[in-house]
Amino acid sequence: MNSKEFQIQEANSDPNPSSTDVYHLALDIGGSLCKVVYFTKDDDHFVDGEAEISSRNTSEKSKGNRNHPVLKGRLNFKKFETSKINDCIDFIKTMKLHLGGFQQQENLGHQPISIKATGGGPYKYADLFKERLGITLDKEDEMDCLVAGANFLLKVVDREAFTYMGDQRQFMQIDQNDLYPYLLVNIGSGVGMIKVEGDGKFERVSGTSIGGGTFWGLGKLLTNCKSFDELLELSYQGNNRAVDMLVGDIYGGMDYSKIGLSSTAIASSFGKAMSDNKDREDYKPEDIARSLLRMISNNIGQISYLNALRFGLKRIFFGGFFIRRHPFTMDTLSVAVNFWSKGEAKAMFLRHEGFLGAVGAFMSSDKHGLKELLVKQDTQQSPTKLSFAVNKLQGPLDGELNGDESIECSVYAA
């Protein structure tokens, strides 16, 4: 596959596709969020080279030839809070996503429909999906899916990886011949750190329980926020210096230059709360949210670098929905890696950071007839009722990926 051959196309998807418009569905159900990836056809035509062929003729042709013509469409992304798993099920049911796909269509009424799923949720919610949708969840290993999803996106999607520091975003060209090894840091409810050496070659080398679930859990206890996104938005408005004890607070406003610490460096997260004669109500919730976000991001950044140093890895990719393309989060992670490595290691982020596991689960369907997914070199917000309408000049490249995005793509079906 050569991503340079692909061209950007305008979205033209049906906001209410029928089951025959949906080719495939996969889920990643984590402790905090449920991620959905599904493929929808653009129309009822297949494309073989430059000629369009009707679906009927194509189906007849495919019976004697496994090299099925290309099906053009979109790979769609959607997220839900796991605590509201029934919202996800309602979405799947309303969109008839679980009834899509040629294999499923042929098997309806003969055997149960099986959907690829990863994460811990497929074990916890198997009975609920069976009861409400009549489907079984075909469980795929979580680490296998994370690595497969990351490898696929880094190899195929142009400008998938980027760096971010000091409000500057720089997209990275990834040489497929020089991709490995790298450290994949997946920040979900907790944090997993995986050394990746190739397709199917990886090892979980470390992790920490202080992750996105910590941010949301403590944030919920310390503020009045009702959702993760609300807490993240609140942190934008805060000033952590009102809560954190800085080096300058200890050294009378001076740097501790002998060991390279500036006066604005954090000496103790939430440290001012122990010395100020104030109650919790005296601190602004936005300042608490900002301090909390910085504390967790700094901790993850430092542990990530120490593991990269341990294995001699210069490249660190951060994924998981904790990041949300939040500028302050990315900047804090980058500064932490840059500081502890003295500029030798680089923190990189992924445009589809929260969907690695779901994409990996989707791609695992190759084992059951899905031949290959060819992704276009750019993404854009889908102009349907299910996605956010944004100015094209302010698309997801410059802002947070809200989870309702799609990629123009082609798929080969067996």
# chains A, B, ... in the order shown; residues from 1 in each chain; ligands from 1
call {"tool": "residues_around", "arguments": {"residues": "region 124-139 of chain A", "least_positions_apart": "2", "cutoff": "10 Å", "atoms": "only C-alpha atoms", "output": "ChimeraX atom specification"}}
result
/A:26-29,85-86,89-90,92-93,96,98-99,111-122,141-142,361
call {"tool": "residues_around", "arguments": {"residues": "region 344-350 of chain A", "least_positions_apart": "2", "cutoff": "6 Å", "atoms": "only C-alpha atoms", "output": "list in words"}}
result
Glu160, Ala161, Phe162, Thr163, Lys314, Arg315, Ile316, Phe317, Phe318, Ser334, Ser341, Lys342, His352 and Glu353 of chain A
call {"tool": "select_by_dssp", "arguments": {"residues": "region 203-232 of chain A", "states": "strand (DSSP E)", "output": "PyMOL selection string"}}
result
chain A and resi 203-208
call {"tool": "write_last_selection", "arguments": {"atoms": "N, CA and C atoms", "output": "mmCIF file, in the first residue's frame"}}
result
data_model
loop_
_atom_site.group_PDB
_atom_site.id
_atom_site.type_symbol
_atom_site.label_atom_id
_atom_site.label_comp_id
_atom_site.auth_asym_id
_atom_site.auth_seq_id
_atom_site.Cartn_x
_atom_site.Cartn_y
_atom_site.Cartn_z
ATOM 1 N N GLU A 203 5.697 -6.205 23.638
ATOM 2 C CA GLU A 203 5.749 -6.622 25.030
ATOM 3 C C GLU A 203 5.274 -5.480 25.915
ATOM 4 N N ARG A 204 4.348 -5.772 26.814
ATOM 5 C CA ARG A 204 3.936 -4.766 27.790
ATOM 6 C C ARG A 204 5.028 -4.677 28.838
ATOM 7 N N VAL A 205 5.672 -3.523 28.909
ATOM 8 C CA VAL A 205 6.852 -3.380 29.762
ATOM 9 C C VAL A 205 6.569 -2.635 31.060
ATOM 10 N N SER A 206 5.474 -1.879 31.103
ATOM 11 C CA SER A 206 5.184 -1.125 32.326
ATOM 12 C C SER A 206 3.781 -0.532 32.240
ATOM 13 N N GLY A 207 3.449 0.242 33.232
ATOM 14 C CA GLY A 207 2.151 0.906 33.276
ATOM 15 C C GLY A 207 1.988 1.624 34.597
ATOM 16 N N THR A 208 0.876 2.299 34.745
ATOM 17 C CA THR A 208 0.570 2.973 35.999
ATOM 18 C C THR A 208 -0.938 3.067 36.161
#
call {"tool": "closest_residue", "arguments": {"among": "A:Gly343, A:Gly219, A:Gly149, A:Gly166", "to": "Glu233 (chain A)", "atoms": "only C-alpha atoms"}}
result
A:Gly219
call {"tool": "residues_around", "arguments": {"residues": "Lys272 (chain A)", "least_positions_apart": "2", "cutoff": "9 Å", "atoms": "only C-alpha atoms", "output": "VMD selection string"}}
result
chain A and resid 241 to 246 268 to 270 274 to 276
call {"tool": "atom_distance", "arguments": {"atom1": "CA of Cys88 (chain A)", "atom2": "CA of Gly360 (chain A)"}}
result
19.2 Å
call {"tool": "closest_residue", "arguments": {"among": "A:Gly31, A:Gly252, A:Gly200, A:Gly213", "to": "Ala150 (chain A)", "atoms": "only C-alpha atoms"}}
result
A:Gly200
call {"tool": "select_by_dssp", "arguments": {"residues": "region 229-335 of chain A", "states": "helix (DSSP H, G or I)", "output": "PDB file with N, CA and C atoms, in the first residue's frame"}}
result
ATOM      1  N   ASP A 229     -15.546  15.414  29.605  1.00  0.00           N
ATOM      2  CA  ASP A 229     -15.354  16.557  28.714  1.00  0.00           C
ATOM      3  C   ASP A 229     -15.562  17.884  29.445  1.00  0.00           C
ATOM      4  N   GLU A 230     -16.525  17.917  30.353  1.00  0.00           N
ATOM      5  CA  GLU A 230     -16.777  19.134  31.130  1.00  0.00           C
ATOM      6  C   GLU A 230     -15.581  19.449  32.021  1.00  0.00           C
ATOM      7  N   LEU A 231     -15.003  18.411  32.621  1.00  0.00           N
ATOM      8  CA  LEU A 231     -13.832  18.595  33.478  1.00  0.00           C
ATOM      9  C   LEU A 231     -12.636  19.076  32.664  1.00  0.00           C
ATOM     10  N   LEU A 232     -12.461  18.510  31.481  1.00  0.00           N
ATOM     11  CA  LEU A 232     -11.358  18.910  30.617  1.00  0.00           C
ATOM     12  C   LEU A 232     -11.521  20.362  30.183  1.00  0.00           C
ATOM     13  N   GLU A 233     -12.737  20.744  29.835  1.00  0.00           N
ATOM     14  CA  GLU A 233     -13.007  22.119  29.431  1.00  0.00           C
ATOM     15  C   GLU A 233     -12.767  23.073  30.598  1.00  0.00           C
ATOM     16  N   LEU A 234     -13.130  22.669  31.805  1.00  0.00           N
ATOM     17  CA  LEU A 234     -12.924  23.498  32.989  1.00  0.00           C
ATOM     18  C   LEU A 234     -11.438  23.763  33.220  1.00  0.00           C
ATOM     19  N   SER A 235     -10.609  22.763  32.932  1.00  0.00           N
ATOM     20  CA  SER A 235      -9.168  22.919  33.156  1.00  0.00           C
ATOM     21  C   SER A 235      -8.567  23.990  32.259  1.00  0.00           C
ATOM     22  N   TYR A 236      -9.199  24.237  31.105  1.00  0.00           N
ATOM     23  CA  TYR A 236      -8.743  25.297  30.209  1.00  0.00           C
ATOM     24  C   TYR A 236      -8.737  26.654  30.919  1.00  0.00           C
ATOM     25  N   ASN A 240      -3.015  26.518  37.589  1.00  0.00           N
ATOM     26  CA  ASN A 240      -2.522  25.565  38.574  1.00  0.00           C
ATOM     27  C   ASN A 240      -1.629  26.208  39.633  1.00  0.00           C
ATOM     28  N   ARG A 241      -1.107  27.401  39.352  1.00  0.00           N
ATOM     29  CA  ARG A 241      -0.211  28.056  40.312  1.00  0.00           C
ATOM     30  C   ARG A 241      -0.948  28.466  41.585  1.00  0.00           C
ATOM     31  N   ALA A 242      -2.266  28.537  41.508  1.00  0.00           N
ATOM     32  CA  ALA A 242      -3.046  28.874  42.697  1.00  0.00           C
ATOM     33  C   ALA A 242      -3.151  27.691  43.653  1.00  0.00           C
ATOM     34  N   VAL A 247       8.712  25.902  42.653  1.00  0.00           N
ATOM     35  CA  VAL A 247      10.077  26.078  43.146  1.00  0.00           C
ATOM     36  C   VAL A 247      10.275  27.494  43.663  1.00  0.00           C
ATOM     37  N   GLY A 248       9.702  28.465  42.947  1.00  0.00           N
ATOM     38  CA  GLY A 248       9.817  29.861  43.353  1.00  0.00           C
ATOM     39  C   GLY A 248       9.150  30.155  44.686  1.00  0.00           C
ATOM     40  N   ASP A 249       8.117  29.380  45.027  1.00  0.00           N
ATOM     41  CA  ASP A 249       7.459  29.560  46.325  1.00  0.00           C
ATOM     42  C   ASP A 249       8.385  29.160  47.470  1.00  0.00           C
ATOM     43  N   ILE A 250       9.277  28.251  47.194  1.00  0.00           N
ATOM     44  CA  ILE A 250      10.215  27.773  48.220  1.00  0.00           C
ATOM     45  C   ILE A 250      11.465  28.642  48.272  1.00  0.00           C
ATOM     46  N   SER A 257      18.792  27.106  39.901  1.00  0.00           N
ATOM     47  CA  SER A 257      19.531  26.934  38.654  1.00  0.00           C
ATOM     48  C   SER A 257      20.587  25.840  38.733  1.00  0.00           C
ATOM     49  N   LYS A 258      21.091  25.545  39.916  1.00  0.00           N
ATOM     50  CA  LYS A 258      22.150  24.542  40.042  1.00  0.00           C
ATOM     51  C   LYS A 258      21.712  23.179  39.533  1.00  0.00           C
ATOM     52  N   ILE A 259      20.440  22.845  39.702  1.00  0.00           N
ATOM     53  CA  ILE A 259      19.942  21.551  39.218  1.00  0.00           C
ATOM     54  C   ILE A 259      18.952  21.733  38.056  1.00  0.00           C
ATOM     55  N   LYS A 272       0.176  23.869  47.802  1.00  0.00           N
ATOM     56  CA  LYS A 272      -0.268  25.064  48.511  1.00  0.00           C
ATOM     57  C   LYS A 272      -1.454  24.769  49.419  1.00  0.00           C
ATOM     58  N   ALA A 273      -2.181  23.703  49.113  1.00  0.00           N
ATOM     59  CA  ALA A 273      -3.357  23.382  49.920  1.00  0.00           C
ATOM     60  C   ALA A 273      -2.973  22.976  51.340  1.00  0.00           C
ATOM     61  N   MET A 274      -1.756  22.491  51.507  1.00  0.00           N
ATOM     62  CA  MET A 274      -1.358  22.062  52.851  1.00  0.00           C
ATOM     63  C   MET A 274      -0.863  23.226  53.705  1.00  0.00           C
ATOM     64  N   SER A 275      -0.448  24.315  53.041  1.00  0.00           N
ATOM     65  CA  SER A 275       0.110  25.438  53.797  1.00  0.00           C
ATOM     66  C   SER A 275      -0.829  26.635  53.881  1.00  0.00           C
ATOM     67  N   ARG A 280     -11.422  23.657  51.117  1.00  0.00           N
ATOM     68  CA  ARG A 280     -11.521  23.273  49.705  1.00  0.00           C
ATOM     69  C   ARG A 280     -12.393  24.245  48.923  1.00  0.00           C
ATOM     70  N   GLU A 281     -13.448  24.727  49.580  1.00  0.00           N
ATOM     71  CA  GLU A 281     -14.379  25.630  48.905  1.00  0.00           C
ATOM     72  C   GLU A 281     -13.725  26.955  48.534  1.00  0.00           C
ATOM     73  N   ASP A 282     -12.575  27.257  49.146  1.00  0.00           N
ATOM     74  CA  ASP A 282     -11.894  28.521  48.863  1.00  0.00           C
ATOM     75  C   ASP A 282     -11.080  28.459  47.575  1.00  0.00           C
ATOM     76  N   PRO A 285     -12.689  25.700  41.301  1.00  0.00           N
ATOM     77  CA  PRO A 285     -12.709  24.364  40.680  1.00  0.00           C
ATOM     78  C   PRO A 285     -11.862  24.288  39.414  1.00  0.00           C
ATOM     79  N   GLU A 286     -11.783  25.388  38.659  1.00  0.00           N
ATOM     80  CA  GLU A 286     -10.974  25.372  37.444  1.00  0.00           C
ATOM     81  C   GLU A 286      -9.480  25.255  37.764  1.00  0.00           C
ATOM     82  N   ASP A 287      -9.055  25.871  38.890  1.00  0.00           N
ATOM     83  CA  ASP A 287      -7.646  25.751  39.290  1.00  0.00           C
ATOM     84  C   ASP A 287      -7.334  24.326  39.739  1.00  0.00           C
ATOM     85  N   ILE A 288      -8.279  23.710  40.440  1.00  0.00           N
ATOM     86  CA  ILE A 288      -8.111  22.328  40.872  1.00  0.00           C
ATOM     87  C   ILE A 288      -8.016  21.406  39.661  1.00  0.00           C
ATOM     88  N   ALA A 289      -8.896  21.620  38.667  1.00  0.00           N
ATOM     89  CA  ALA A 289      -8.900  20.794  37.462  1.00  0.00           C
ATOM     90  C   ALA A 289      -7.584  20.930  36.703  1.00  0.00           C
ATOM     91  N   ARG A 290      -7.075  22.150  36.626  1.00  0.00           N
ATOM     92  CA  ARG A 290      -5.815  22.392  35.918  1.00  0.00           C
ATOM     93  C   ARG A 290      -4.652  21.706  36.630  1.00  0.00           C
ATOM     94  N   SER A 291      -4.597  21.831  37.937  1.00  0.00           N
ATOM     95  CA  SER A 291      -3.536  21.208  38.719  1.00  0.00           C
ATOM     96  C   SER A 291      -3.583  19.691  38.591  1.00  0.00           C
ATOM     97  N   LEU A 292      -4.782  19.144  38.646  1.00  0.00           N
ATOM     98  CA  LEU A 292      -4.968  17.702  38.539  1.00  0.00           C
ATOM     99  C   LEU A 292      -4.497  17.190  37.180  1.00  0.00           C
ATOM    100  N   LEU A 293      -4.871  17.894  36.123  1.00  0.00           N
ATOM    101  CA  LEU A 293      -4.473  17.502  34.774  1.00  0.00           C
ATOM    102  C   LEU A 293      -2.959  17.540  34.619  1.00  0.00           C
ATOM    103  N   ARG A 294      -2.352  18.576  35.158  1.00  0.00           N
ATOM    104  CA  ARG A 294      -0.902  18.714  35.028  1.00  0.00           C
ATOM    105  C   ARG A 294      -0.183  17.650  35.851  1.00  0.00           C
ATOM    106  N   MET A 295      -0.666  17.365  37.036  1.00  0.00           N
ATOM    107  CA  MET A 295      -0.043  16.353  37.890  1.00  0.00           C
ATOM    108  C   MET A 295      -0.013  14.998  37.192  1.00  0.00           C
ATOM    109  N   ILE A 296      -1.148  14.601  36.632  1.00  0.00           N
ATOM    110  CA  ILE A 296      -1.238  13.288  35.990  1.00  0.00           C
ATOM    111  C   ILE A 296      -0.418  13.241  34.708  1.00  0.00           C
ATOM    112  N   SER A 297      -0.472  14.300  33.918  1.00  0.00           N
ATOM    113  CA  SER A 297       0.283  14.346  32.658  1.00  0.00           C
ATOM    114  C   SER A 297       1.782  14.318  32.912  1.00  0.00           C
ATOM    115  N   ASN A 298       2.242  15.073  33.898  1.00  0.00           N
ATOM    116  CA  ASN A 298       3.669  15.075  34.237  1.00  0.00           C
ATOM    117  C   ASN A 298       4.135  13.689  34.675  1.00  0.00           C
ATOM    118  N   ASN A 299       3.326  13.046  35.481  1.00  0.00           N
ATOM    119  CA  ASN A 299       3.677  11.726  35.988  1.00  0.00           C
ATOM    120  C   ASN A 299       3.788  10.715  34.849  1.00  0.00           C
ATOM    121  N   ILE A 300       2.818  10.734  33.940  1.00  0.00           N
ATOM    122  CA  ILE A 300       2.830   9.802  32.806  1.00  0.00           C
ATOM    123  C   ILE A 300       4.017  10.080  31.892  1.00  0.00           C
ATOM    124  N   GLY A 301       4.293  11.365  31.645  1.00  0.00           N
ATOM    125  CA  GLY A 301       5.410  11.734  30.787  1.00  0.00           C
ATOM    126  C   GLY A 301       6.730  11.243  31.330  1.00  0.00           C
ATOM    127  N   GLN A 302       6.941  11.400  32.638  1.00  0.00           N
ATOM    128  CA  GLN A 302       8.203  10.980  33.254  1.00  0.00           C
ATOM    129  C   GLN A 302       8.354   9.455  33.224  1.00  0.00           C
ATOM    130  N   ILE A 303       7.308   8.726  33.603  1.00  0.00           N
ATOM    131  CA  ILE A 303       7.377   7.263  33.599  1.00  0.00           C
ATOM    132  C   ILE A 303       7.593   6.735  32.185  1.00  0.00           C
ATOM    133  N   SER A 304       6.966   7.379  31.207  1.00  0.00           N
ATOM    134  CA  SER A 304       7.125   6.958  29.815  1.00  0.00           C
ATOM    135  C   SER A 304       8.575   7.095  29.374  1.00  0.00           C
ATOM    136  N   TYR A 305       9.165   8.236  29.683  1.00  0.00           N
ATOM    137  CA  TYR A 305      10.557   8.421  29.278  1.00  0.00           C
ATOM    138  C   TYR A 305      11.481   7.417  29.956  1.00  0.00           C
ATOM    139  N   LEU A 306      11.264   7.172  31.253  1.00  0.00           N
ATOM    140  CA  LEU A 306      12.123   6.235  31.974  1.00  0.00           C
ATOM    141  C   LEU A 306      12.055   4.839  31.352  1.00  0.00           C
ATOM    142  N   ASN A 307      10.890   4.451  30.853  1.00  0.00           N
ATOM    143  CA  ASN A 307      10.766   3.164  30.180  1.00  0.00           C
ATOM    144  C   ASN A 307      11.410   3.192  28.801  1.00  0.00           C
ATOM    145  N   ALA A 308      11.297   4.325  28.110  1.00  0.00           N
ATOM    146  CA  ALA A 308      11.978   4.452  26.816  1.00  0.00           C
ATOM    147  C   ALA A 308      13.484   4.373  27.016  1.00  0.00           C
ATOM    148  N   LEU A 309      13.982   5.024  28.069  1.00  0.00           N
ATOM    149  CA  LEU A 309      15.409   4.991  28.380  1.00  0.00           C
ATOM    150  C   LEU A 309      15.853   3.572  28.714  1.00  0.00           C
ATOM    151  N   ARG A 310      15.034   2.868  29.434  1.00  0.00           N
ATOM    152  CA  ARG A 310      15.334   1.494  29.834  1.00  0.00           C
ATOM    153  C   ARG A 310      15.578   0.581  28.636  1.00  0.00           C
ATOM    154  N   PHE A 311      14.846   0.815  27.550  1.00  0.00           N
ATOM    155  CA  PHE A 311      14.962  -0.046  26.367  1.00  0.00           C
ATOM    156  C   PHE A 311      15.638   0.648  25.192  1.00  0.00           C
ATOM    157  N   PRO A 327      -4.450  20.769  24.087  1.00  0.00           N
ATOM    158  CA  PRO A 327      -3.129  21.398  23.955  1.00  0.00           C
ATOM    159  C   PRO A 327      -2.304  21.347  25.237  1.00  0.00           C
ATOM    160  N   PHE A 328      -2.935  21.621  26.365  1.00  0.00           N
ATOM    161  CA  PHE A 328      -2.205  21.655  27.626  1.00  0.00           C
ATOM    162  C   PHE A 328      -1.707  20.265  28.009  1.00  0.00           C
ATOM    163  N   THR A 329      -2.540  19.241  27.760  1.00  0.00           N
ATOM    164  CA  THR A 329      -2.130  17.868  28.057  1.00  0.00           C
ATOM    165  C   THR A 329      -0.944  17.463  27.196  1.00  0.00           C
ATOM    166  N   MET A 330      -1.041  17.715  25.897  1.00  0.00           N
ATOM    167  CA  MET A 330       0.045  17.347  24.985  1.00  0.00           C
ATOM    168  C   MET A 330       1.321  18.107  25.310  1.00  0.00           C
ATOM    169  N   ASP A 331       1.178  19.383  25.601  1.00  0.00           N
ATOM    170  CA  ASP A 331       2.353  20.191  25.916  1.00  0.00           C
ATOM    171  C   ASP A 331       3.030  19.697  27.193  1.00  0.00           C
ATOM    172  N   THR A 332       2.240  19.350  28.200  1.00  0.00           N
ATOM    173  CA  THR A 332       2.797  18.872  29.461  1.00  0.00           C
ATOM    174  C   THR A 332       3.536  17.548  29.269  1.00  0.00           C
ATOM    175  N   LEU A 333       2.938  16.620  28.515  1.00  0.00           N
ATOM    176  CA  LEU A 333       3.600  15.347  28.235  1.00  0.00           C
ATOM    177  C   LEU A 333       4.900  15.572  27.473  1.00  0.00           C
ATOM    178  N   SER A 334       4.853  16.469  26.478  1.00  0.00           N
ATOM    179  CA  SER A 334       6.039  16.746  25.664  1.00  0.00           C
ATOM    180  C   SER A 334       7.154  17.377  26.482  1.00  0.00           C
ATOM    181  N   VAL A 335       6.788  18.343  27.324  1.00  0.00           N
ATOM    182  CA  VAL A 335       7.788  19.017  28.159  1.00  0.00           C
ATOM    183  C   VAL A 335       8.430  18.023  29.122  1.00  0.00           C
TER     184      VAL A 335
END
call {"tool": "atom_distance", "arguments": {"atom1": "CA of Lys201 (chain A)", "atom2": "CA of Ala358 (chain A)"}}
result
18.9 Å
call {"tool": "closest_residue", "arguments": {"among": "A:Gly198, A:Gly212, A:Gly192, A:Gly253", "to": "Gln176 (chain A)", "atoms": "only C-alpha atoms"}}
result
A:Gly198
call {"tool": "atom_distance", "arguments": {"atom1": "CA of Lys41 (chain A)", "atom2": "CA of Phe77 (chain A)"}}
result
14.4 Å
